[in-house]
Structures are given as C-alpha cells and as structure tokens.
>>> print(open('data_20.txt').read())   # compact mmCIF, C-alpha atoms
# COMPACT_ATOMS: atom_id res chain seq x y z
CA MET A 1 84.18 95.56 85.30
CA SER A 2 86.93 93.68 87.09
CA GLU A 3 88.66 94.99 90.20
CA THR A 4 91.93 95.06 88.24
CA VAL A 5 91.07 98.25 86.32
CA PRO A 6 90.37 100.39 89.42
CA GLN A 7 93.46 98.95 91.12
CA GLN A 8 95.59 99.78 88.08
CA ASP A 9 94.12 103.30 87.91
CA THR A 10 94.99 103.73 91.59
CA ALA A 11 98.55 102.52 91.07
CA GLU A 12 99.02 104.92 88.15
CA ALA A 13 97.65 107.83 90.20
CA VAL A 14 100.10 106.99 92.99
CA GLY A 15 102.91 106.87 90.44
CA ARG A 16 102.09 110.36 89.19
CA VAL A 17 102.05 111.78 92.73
CA ILE A 18 105.37 110.18 93.67
CA GLU A 19 106.98 111.28 90.38
CA GLU A 20 105.93 114.86 91.09
CA GLY A 21 106.94 114.90 94.75
CA ASP A 22 110.18 112.89 94.91
CA LEU A 23 112.75 115.62 94.37
CA LEU A 24 115.78 113.37 94.88
CA ALA A 25 114.53 110.94 92.22
CA LYS A 26 114.03 113.90 89.87
CA THR A 27 117.55 115.17 90.59
CA LEU A 28 119.02 111.74 89.81
CA GLY A 29 116.96 111.39 86.63
CA ILE A 30 115.02 108.35 87.85
CA GLU A 31 112.15 107.68 85.44
CA LEU A 32 109.16 105.49 86.23
CA GLN A 33 108.59 103.05 83.36
CA GLU A 34 105.76 100.92 84.73
CA ILE A 35 103.62 100.63 87.85
CA ARG A 36 100.99 98.09 88.81
CA PRO A 37 99.58 97.06 92.19
CA GLY A 38 102.58 95.65 94.08
CA TYR A 39 104.98 96.22 91.19
CA ALA A 40 107.13 98.99 89.75
CA ARG A 41 109.99 99.44 87.29
CA ALA A 42 112.16 102.53 86.81
CA THR A 43 115.38 103.46 85.04
CA MET A 44 118.32 105.77 85.71
CA THR A 45 121.37 106.65 83.62
CA VAL A 46 124.54 106.76 85.73
CA ARG A 47 126.15 110.16 85.21
CA ASP A 48 129.66 111.43 85.96
CA ASP A 49 128.38 113.21 89.07
CA MET A 50 127.20 109.82 90.43
CA SER A 51 130.72 108.35 90.60
CA ASN A 52 132.71 107.40 93.65
CA ALA A 53 136.46 107.63 94.31
CA ALA A 54 137.00 104.37 92.37
CA ASP A 55 135.49 106.10 89.30
CA ILE A 56 132.53 103.72 89.12
CA GLY A 57 128.88 104.31 89.94
CA HIS A 58 128.35 105.22 93.58
CA GLY A 59 126.49 102.60 95.57
CA GLY A 60 124.31 105.31 97.08
CA ALA A 61 122.91 106.19 93.65
CA THR A 62 122.12 102.53 92.94
CA PHE A 63 120.52 102.22 96.38
CA THR A 64 118.41 105.32 95.73
CA LEU A 65 117.13 103.88 92.44
CA ALA A 66 116.15 100.63 94.20
CA ASP A 67 114.63 102.51 97.15
CA THR A 68 112.57 104.68 94.79
CA VAL A 69 111.17 101.59 93.04
CA PHE A 70 110.43 100.17 96.50
CA ALA A 71 108.48 103.34 97.33
CA TYR A 72 106.44 103.05 94.14
CA ALA A 73 105.67 99.37 94.69
CA CYS A 74 104.79 99.53 98.39
CA ASN A 75 102.60 102.62 97.96
CA SER A 76 100.93 101.39 94.75
CA HIS A 77 97.82 100.31 96.70
CA ASP A 78 97.43 103.96 97.84
CA ARG A 79 97.85 103.14 101.50
CA MET A 80 100.71 105.26 102.84
CA ALA A 81 103.64 102.92 103.44
CA LEU A 82 107.01 103.79 104.92
CA ALA A 83 110.23 101.80 104.94
CA THR A 84 111.08 100.01 108.17
CA ASN A 85 114.15 98.16 106.90
CA CYS A 86 116.13 98.03 103.67
CA SER A 87 119.18 96.05 102.66
CA ILE A 88 121.15 95.84 99.45
CA THR A 89 123.73 93.45 98.06
CA PHE A 90 125.91 94.83 95.28
CA THR A 91 126.60 91.96 92.87
CA GLY A 92 128.49 93.82 90.15
CA ALA A 93 130.15 97.13 89.39
CA VAL A 94 128.16 99.96 87.85
CA GLU A 95 129.98 101.96 85.19
CA ILE A 96 129.51 105.63 84.34
CA GLY A 97 127.06 105.74 81.43
CA ASP A 98 125.24 102.54 82.42
CA VAL A 99 121.48 102.62 82.11
CA LEU A 100 120.15 100.86 85.18
CA SER A 101 116.71 99.31 85.37
CA ALA A 102 115.22 98.43 88.75
CA GLU A 103 112.24 96.11 88.96
CA GLY A 104 110.37 95.66 92.23
CA ARG A 105 107.82 93.05 93.24
CA GLU A 106 105.66 92.61 96.29
CA VAL A 107 106.71 89.38 98.00
CA SER A 108 104.30 89.62 100.92
CA LEU A 109 101.64 92.00 102.17
CA HIS A 110 100.17 90.78 105.42
CA GLY A 111 98.12 93.26 107.40
CA ARG A 112 100.11 96.49 107.35
CA ASN A 113 103.50 94.83 106.79
CA GLY A 114 105.00 94.40 103.34
CA VAL A 115 108.13 92.82 101.90
CA TYR A 116 109.45 93.83 98.47
CA ASP A 117 112.34 92.58 96.37
CA ILE A 118 113.99 94.87 93.85
CA THR A 119 116.50 93.68 91.26
CA VAL A 120 118.76 96.26 89.59
CA ARG A 121 120.23 95.40 86.19
CA ASN A 122 122.44 97.23 83.72
CA GLN A 123 121.68 97.64 80.02
CA GLN A 124 123.23 94.23 79.26
CA GLY A 125 120.78 92.60 81.67
CA ASP A 126 123.48 91.83 84.24
CA THR A 127 122.25 91.98 87.83
CA VAL A 128 124.24 94.64 89.69
CA ALA A 129 122.25 94.81 92.95
CA LEU A 130 119.62 92.95 94.94
CA PHE A 131 117.54 95.02 97.36
CA ARG A 132 114.97 93.92 99.91
CA GLY A 133 112.68 96.44 101.56
CA GLN A 134 110.23 96.02 104.39
CA SER A 135 107.40 98.49 104.77
CA ARG A 136 104.72 99.39 107.28
CA GLN A 137 101.44 100.95 106.21
CA VAL A 138 100.46 103.98 108.27
CA SER A 139 97.35 106.13 108.17
CA GLY A 140 96.57 108.12 105.05
CA SER A 141 97.15 107.71 101.37
CA ILE A 142 99.52 109.15 98.80
CA THR A 143 96.79 110.57 96.58
CA ASN A 144 94.84 112.15 99.47
CA GLN A 145 98.04 113.75 100.75
CA GLN A 146 98.49 115.34 97.33
CA LYS A 147 94.87 116.57 97.28
CA GLU A 148 95.43 118.20 100.68
CA LYS A 149 98.56 119.96 99.37
CA ASP A 150 96.65 121.22 96.33
CA ALA A 151 93.63 122.47 98.32
CA PRO A 152 93.35 126.25 98.82
CA ALA A 153 94.30 127.43 102.30
>>> encode(input="data_20.txt", output="structure tokens")
Amino acid sequence: MSETVPQQDTAEAVGRVIEEGDLLAKTLGIELQEIRPGYARATMTVRDDMSNAADIGHGGATFTLADTVFAYACNSHDRMALATNCSITFTGAVEIGDVLSAEGREVSLHGRNGVYDITVRNQQGDTVALFRGQSRQVSGSITNQQKEKDAPA
C-alpha cells in the first residue's frame, strides 16, 4: 500500500476535527469541499449579514474563508500548525449572494515552517482575493487534541 492512502486518511481526519471545532467557520457557513495533504478547498455563500457599509461583501468574511482554508491545508499533515503571518490582496468586489470558493496549496514546508497560497474566486471563476499564509508547526496534533477532549475526565 502506498503512503498516499494513510496520508489522505490523516488529512480527512484532520478535516473532520477542524469542521467540528471551528465555530466561526460554522457560523459563516464555510463548508469544506476537499482536503488532501497540503491542500484544501472550501466554499461560503455571502449573506446579507456579511455586508459592509458599501453594501458589498465584507473583506473580513472573505479573509476568514481564506484563513479557514489555510488552517485546513497547513494542519492537513496532523502536526499542529499555527499562523505566524497572513496577508490578503482583494482583487475584486464580492457581492451579496456570491458563492465564494477558496483553494489553498502548500507552497513550501521546510522543517516546521510552511507557506500556503489561497486563491478566492466567485461563482463565475473571477479571482476576488489572493491570500498568503505562513505557519509554524508546534507540538501536538489536531486529531490527538480532539481525542483528549473526548476522553472521560
């Protein structure tokens, strides 16, 4: 059996734990569509309560979608990783009702330091944001953290 199957199983287990535990992502309706080692894709429909004063999608909601995909991708190896730096460039307006899709890829993982690029597109395929996240792996794992939460006291 190739190493790919266990790695994919691990990534999917991480995805389930993050889906369950990320309350902000749940509140915003962010839905994981795909996860693989070093990769994730999720969607979010921009609702009325996600608008800004200009009556377009709030940049913070778009950032949160990209940041959530970053979390999936950088933790997909099941080594606890935390953001050390994130930046976003908004390249187009987001309209209320848009269905955004964010796709994140691992650019580099060297030692405990990772770099991930996330592209956010609307339903027409237009790029509306480019996000880069840098992560640092710390001790522990996502799935073991969940097991500890579930263990009887």
>>> residues_around(input="data_20.txt", residues="A:Leu109", least_positions_apart="3", cutoff="10 Å", atoms="only C-alpha atoms", output="list of chain:residue names")
A:Gly38, A:Cys74, A:Glu106, A:Arg112, A:Asn113, A:Gly114, A:Val115, A:Tyr116, A:Gln134, A:Ser135, A:Arg136, A:Gln137
>>> write_last_selection(input="data_20.txt", atoms="C-alpha atoms", output="short mmCIF file (atom, residue, chain, number, x, y, z; two decimals), in the frame of the given file")
data_model
loop_
_atom_site.label_atom_id
_atom_site.label_comp_id
_atom_site.auth_asym_id
_atom_site.auth_seq_id
_atom_site.Cartn_x
_atom_site.Cartn_y
_atom_site.Cartn_z
CA GLY A 38 102.58 95.65 94.08
CA CYS A 74 104.79 99.53 98.39
CA GLU A 106 105.66 92.61 96.29
CA ARG A 112 100.11 96.49 107.35
CA ASN A 113 103.50 94.83 106.79
CA GLY A 114 105.00 94.40 103.34
CA VAL A 115 108.13 92.82 101.90
CA TYR A 116 109.45 93.83 98.47
CA GLN A 134 110.23 96.02 104.39
CA SER A 135 107.40 98.49 104.77
CA ARG A 136 104.72 99.39 107.28
CA GLN A 137 101.44 100.95 106.21
#
>>> residues_around(input="data_20.txt", residues="A:Glu34", least_positions_apart="3", cutoff="12 Å", atoms="all atoms listed in the file", output="list in words")
Gln8, Ala11, Glu12, Ala13, Val14, Gly15, Arg16, Glu19, Glu31, Pro37, Gly38, Tyr39, Ala40, Arg41, Ala42, Thr43, Val69, Tyr72, Ala73, Ser76, Ser101, Ala102, Glu103, Gly104 and Arg105 of chain A
>>> atom_distance(input="data_20.txt", atom1="atom CA of A:Asn85", atom2="atom CA of A:Ile18")
19.9 Å
>>> atom_distance(input="data_20.txt", atom1="atom CA of A:Leu65", atom2="atom CA of A:Arg47")
13.2 Å
>>> atom_distance(input="data_20.txt", atom1="atom CA of A:Gly57", atom2="atom CA of A:Gly97")
8.8 Å
>>> residues_around(input="data_20.txt", residues="A:Ser87", least_positions_apart="5", cutoff="9 Å", atoms="all atoms listed in the file", output="CSV table (one decimal) with C-alpha atoms, keeping the file's coordinate frame")
chain,number,residue,atom,x,y,z
A,63,PHE,CA,120.5,102.2,96.4
A,130,LEU,CA,119.6,93.0,94.9
A,131,PHE,CA,117.5,95.0,97.4
A,132,ARG,CA,115.0,93.9,99.9
A,133,GLY,CA,112.7,96.4,101.6
>>> closest_residue(input="data_20.txt", among="A:Ile30, A:Gly111, A:Ile118, A:Ala93", to="A:Phe70", atoms="all atoms listed in the file")
A:Ile118
>>> closest_residue(input="data_20.txt", among="A:Cys86, A:Ala66, A:Ala71, A:Ala54", to="A:Val17", atoms="only C-alpha atoms")
A:Ala71
